[in-house]
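K.L.:
This is the content of data_11.csv (CSV, N, CA and C atoms):
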chain,number,residue,atom,x,y,z
N,611,MET,N,11.8,-3.0,-8.3
N,611,MET,CA,12.8,-3.6,-7.4
N,611,MET,C,12.0,-4.6,-6.5
N,612,ALA,N,10.9,-4.3,-6.0
N,612,ALA,CA,10.1,-5.2,-5.1
N,612,ALA,C,9.7,-6.4,-5.9
N,613,LEU,N,9.4,-6.3,-7.2
N,613,LEU,CA,9.0,-7.5,-7.9
N,613,LEU,C,10.1,-8.4,-8.1
N,614,SER,N,11.3,-8.0,-8.2
N,614,SER,CA,12.5,-8.9,-8.3
N,614,SER,C,12.7,-9.7,-7.1
N,615,TYR,N,12.3,-9.3,-5.9
N,615,TYR,CA,12.4,-10.1,-4.7
N,615,TYR,C,11.5,-11.3,-4.8
N,616,ILE,N,10.4,-11.2,-5.5
N,616,ILE,CA,9.5,-12.4,-5.6
N,616,ILE,C,10.3,-13.5,-6.3
N,617,GLY,N,10.9,-13.2,-7.4
N,617,GLY,CA,11.7,-14.2,-8.1
N,617,GLY,C,12.9,-14.7,-7.3
N,618,LEU,N,13.5,-13.9,-6.5
N,618,LEU,CA,14.6,-14.3,-5.7
N,618,LEU,C,14.2,-15.2,-4.5
N,619,ARG,N,13.0,-15.0,-4.0
N,619,ARG,CA,12.5,-15.7,-2.8
N,619,ARG,C,11.9,-17.1,-3.2
N,620,SER,N,11.5,-17.2,-4.4
N,620,SER,CA,10.7,-18.4,-4.8
N,620,SER,C,11.7,-19.5,-5.3
N,621,ARG,N,11.3,-20.7,-5.1
N,621,ARG,CA,12.1,-21.9,-5.5
N,621,ARG,C,11.7,-22.4,-6.9
N,622,ASN,N,10.4,-22.1,-7.3
N,622,ASN,CA,9.9,-22.6,-8.6
N,622,ASN,C,8.9,-21.6,-9.1
N,623,ALA,N,8.4,-21.9,-10.3
N,623,ALA,CA,7.4,-21.0,-10.9
N,623,ALA,C,6.1,-20.9,-10.2
N,624,LYS,N,5.7,-22.1,-9.6
N,624,LYS,CA,4.4,-22.1,-8.9
N,624,LYS,C,4.5,-21.2,-7.6
N,625,GLN,N,5.6,-21.3,-6.9
N,625,GLN,CA,5.7,-20.5,-5.7
N,625,GLN,C,5.8,-19.0,-6.1
N,626,ALA,N,6.5,-18.7,-7.2
N,626,ALA,CA,6.6,-17.3,-7.6
N,626,ALA,C,5.2,-16.8,-8.0
N,627,ALA,N,4.4,-17.6,-8.6
N,627,ALA,CA,3.1,-17.1,-9.0
N,627,ALA,C,2.2,-16.9,-7.7
N,628,GLU,N,2.4,-17.8,-6.7
N,628,GLU,CA,1.6,-17.6,-5.5
N,628,GLU,C,2.1,-16.3,-4.7
N,629,LEU,N,3.4,-16.1,-4.6
N,629,LEU,CA,3.9,-14.9,-3.9
N,629,LEU,C,3.5,-13.6,-4.7
N,630,SER,N,3.5,-13.7,-6.0
N,630,SER,CA,3.2,-12.5,-6.8
N,630,SER,C,1.7,-12.2,-6.6
N,631,GLY,N,0.9,-13.2,-6.7
N,631,GLY,CA,-0.6,-13.0,-6.5
N,631,GLY,C,-0.9,-12.4,-5.1
N,632,MET,N,-0.2,-12.9,-4.1
N,632,MET,CA,-0.5,-12.4,-2.7
N,632,MET,C,0.0,-11.0,-2.6
N,633,ALA,N,1.2,-10.7,-3.1
N,633,ALA,CA,1.7,-9.3,-3.0
N,633,ALA,C,0.8,-8.3,-3.8
N,634,GLN,N,0.5,-8.7,-5.0
N,634,GLN,CA,-0.3,-7.8,-5.8
N,634,GLN,C,-1.7,-7.6,-5.2
N,635,SER,N,-2.3,-8.7,-4.7
N,635,SER,CA,-3.7,-8.5,-4.1
N,635,SER,C,-3.7,-7.6,-2.9
N,636,THR,N,-2.7,-7.8,-2.1
N,636,THR,CA,-2.6,-6.9,-0.9
N,636,THR,C,-2.3,-5.5,-1.3
N,637,GLY,N,-1.5,-5.3,-2.3
N,637,GLY,CA,-1.2,-3.9,-2.7
N,637,GLY,C,-2.4,-3.2,-3.3
N,638,TYR,N,-3.1,-3.9,-4.2
N,638,TYR,CA,-4.3,-3.3,-4.8
N,638,TYR,C,-5.4,-3.0,-3.8
N,639,ILE,N,-5.6,-3.9,-2.8
N,639,ILE,CA,-6.6,-3.7,-1.8
N,639,ILE,C,-6.2,-2.4,-1.0
N,640,LEU,N,-5.0,-2.3,-0.6
N,640,LEU,CA,-4.6,-1.1,0.2
N,640,LEU,C,-4.7,0.1,-0.7
N,641,ALA,N,-4.4,0.0,-1.9
N,641,ALA,CA,-4.5,1.2,-2.8
N,641,ALA,C,-5.9,1.6,-3.0
N,642,ALA,N,-6.8,0.7,-3.0
N,642,ALA,CA,-8.3,1.0,-3.2
N,642,ALA,C,-8.9,1.6,-1.9
N,643,ILE,N,-8.4,1.2,-0.7
N,643,ILE,CA,-8.9,1.7,0.5
N,643,ILE,C,-8.4,3.1,0.8
N,644,GLY,N,-7.2,3.4,0.4
N,644,GLY,CA,-6.6,4.7,0.7
N,644,GLY,C,-7.5,5.9,0.3
N,645,PRO,N,-7.9,6.1,-0.9
N,645,PRO,CA,-8.8,7.2,-1.2
N,645,PRO,C,-10.1,7.2,-0.4
N,646,LEU,N,-10.6,6.1,-0.2
N,646,LEU,CA,-11.9,6.0,0.7
N,646,LEU,C,-11.6,6.6,2.1
N,647,PHE,N,-10.5,6.2,2.6
N,647,PHE,CA,-10.1,6.6,4.0
N,647,PHE,C,-9.9,8.1,4.0
N,648,ILE,N,-9.2,8.6,3.0
N,648,ILE,CA,-8.9,10.1,3.0
N,648,ILE,C,-10.2,10.8,2.8
N,649,GLY,N,-11.1,10.3,2.0
N,649,GLY,CA,-12.4,11.0,1.8
N,649,GLY,C,-13.2,10.9,3.1
N,650,TYR,N,-13.1,9.8,3.8
N,650,TYR,CA,-13.8,9.7,5.1
N,650,TYR,C,-13.3,10.7,6.1
N,651,LEU,N,-12.0,10.9,6.1
N,651,LEU,CA,-11.4,11.9,7.0
N,651,LEU,C,-11.9,13.3,6.7
N,652,PHE,N,-11.9,13.6,5.4
N,652,PHE,CA,-12.4,14.9,4.9
N,652,PHE,C,-13.9,15.1,5.3
N,653,ASP,N,-14.7,14.1,5.1
N,653,ASP,CA,-16.1,14.2,5.5
N,653,ASP,C,-16.3,14.4,7.0
N,654,LYS,N,-15.5,13.8,7.8
N,654,LYS,CA,-15.6,14.0,9.2
N,654,LYS,C,-15.1,15.3,9.7
N,655,THR,N,-14.1,15.9,9.1
N,655,THR,CA,-13.5,17.1,9.6
N,655,THR,C,-13.9,18.3,8.8
N,656,GLN,N,-14.3,18.2,7.5
N,656,GLN,CA,-14.7,19.3,6.6
N,656,GLN,C,-13.5,20.2,6.3
N,657,VAL,N,-12.3,19.8,6.5
N,657,VAL,CA,-11.1,20.6,6.2
N,657,VAL,C,-10.1,19.6,5.6
N,658,TRP,N,-9.2,20.1,4.7
N,658,TRP,CA,-8.2,19.2,4.1
N,658,TRP,C,-7.0,19.0,4.9
N,659,THR,N,-6.8,19.8,6.0
N,659,THR,CA,-5.6,19.7,6.9
N,659,THR,C,-5.4,18.3,7.4
N,660,VAL,N,-6.4,17.7,8.0
N,660,VAL,CA,-6.3,16.4,8.6
N,660,VAL,C,-5.9,15.3,7.6
N,661,PRO,N,-6.7,15.2,6.5
N,661,PRO,CA,-6.3,14.2,5.5
N,661,PRO,C,-4.9,14.4,4.9
N,662,LEU,N,-4.5,15.7,4.7
N,662,LEU,CA,-3.1,15.9,4.2
N,662,LEU,C,-2.0,15.6,5.2
N,663,ILE,N,-2.3,15.9,6.5
N,663,ILE,CA,-1.3,15.5,7.5
N,663,ILE,C,-1.2,14.0,7.6
N,664,THR,N,-2.4,13.3,7.5
N,664,THR,CA,-2.4,11.9,7.5
N,664,THR,C,-1.6,11.3,6.4
N,665,LEU,N,-1.7,11.9,5.2
N,665,LEU,CA,-0.9,11.4,4.0
N,665,LEU,C,0.6,11.7,4.2
N,666,ILE,N,0.9,12.8,4.8
N,666,ILE,CA,2.3,13.1,5.1
N,666,ILE,C,2.9,12.1,6.1
N,667,ILE,N,2.2,11.7,7.1
N,667,ILE,CA,2.6,10.8,8.1
N,667,ILE,C,2.8,9.4,7.5
N,668,ILE,N,1.8,9.0,6.7
N,668,ILE,CA,1.8,7.7,6.0
N,668,ILE,C,3.0,7.6,5.1
N,669,SER,N,3.3,8.7,4.3
N,669,SER,CA,4.4,8.8,3.4
N,669,SER,C,5.7,8.7,4.2
N,670,GLY,N,5.8,9.3,5.3
N,670,GLY,CA,7.0,9.2,6.1
N,670,GLY,C,7.3,7.8,6.6
N,671,ILE,N,6.2,7.1,7.0
N,671,ILE,CA,6.4,5.7,7.5
N,671,ILE,C,6.8,4.8,6.3
N,672,VAL,N,6.2,5.0,5.2
N,672,VAL,CA,6.6,4.2,4.0
N,672,VAL,C,8.1,4.5,3.6
N,673,MET,N,8.5,5.8,3.7
N,673,MET,CA,9.9,6.1,3.4
N,673,MET,C,10.9,5.4,4.4
N,674,LEU,N,10.5,5.4,5.7
N,674,LEU,CA,11.3,4.8,6.7
N,674,LEU,C,11.4,3.3,6.6
N,675,PHE,N,10.3,2.6,6.3
N,675,PHE,CA,10.3,1.2,6.4
N,675,PHE,C,10.1,0.5,5.0
N,676,GLY,N,10.0,1.3,4.0
N,676,GLY,CA,9.9,0.7,2.6
N,676,GLY,C,8.6,0.1,2.3
Re-express the file's structure as structure tokens.

P.N.:
Amino acid sequence: MALSYIGLRSRNAKQAAELSGMAQSTGYILAAIGPLFIGYLFDKTQVWTVPLITLIIISGIVMLFG
């Protein structure tokens, strides 16, 4: 569904390619940082409670704001 918005927002193929590249780059960067951040939290706390609560909070924010 999110990818369809790129086509709806763009006026031509060039702009669609630019928007798609920006959205996918941002998404992949955030997806790559996520596991590193969770691992960092586990290393600092030595328990899985804090990383799991962090994931639950982030998931809740994503559900609220899309």

K.L.:
Pick the closest to Val660 in chain N from N:Glu628, N:Met611, N:Met673, N:Ile648: which is it, counting only C-alpha atoms?

P.N.:
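So, comparing all the options, the nearest one is N:Ile648.
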
K.L.:
Which distance in Å separates CA of Gly676 in chain N and CA of Tyr638 in chain N, to one decimal?

P.N.:
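Computing the Euclidean distance for CA of Gly676 in chain N and CA of Tyr638 in chain N yields 16.5 Å.
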
K.L.:
Just how far from atom C of Thr636 in chain N is atom C of Lys624 in chain N, in Å to one decimal?

P.N.:
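Distance between the two atoms: 18.2 Å.
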
K.L.:
Skip Gly617 in chain N itself and residues of its chain fewer than 3 positions away, then list as a ChimeraX atom specification all residues within 12 Å of it, counting only C-alpha atoms.

P.N.:
/N:611-614,620-630

K.L.:
Just give me the gap between atom N of Ala633 in chain N and CA of Thr664 in chain N in Å, one decimal is fine.

P.N.:
25.2 Å

K.L.:
Just checking: using only C-alpha atoms, which residue out of N:Leu618, N:Thr659, N:Val672, N:Leu665 ends up closest to Gly644 in chain N?

P.N.:
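Closest to Gly644 in chain N of all the choices is N:Leu665.
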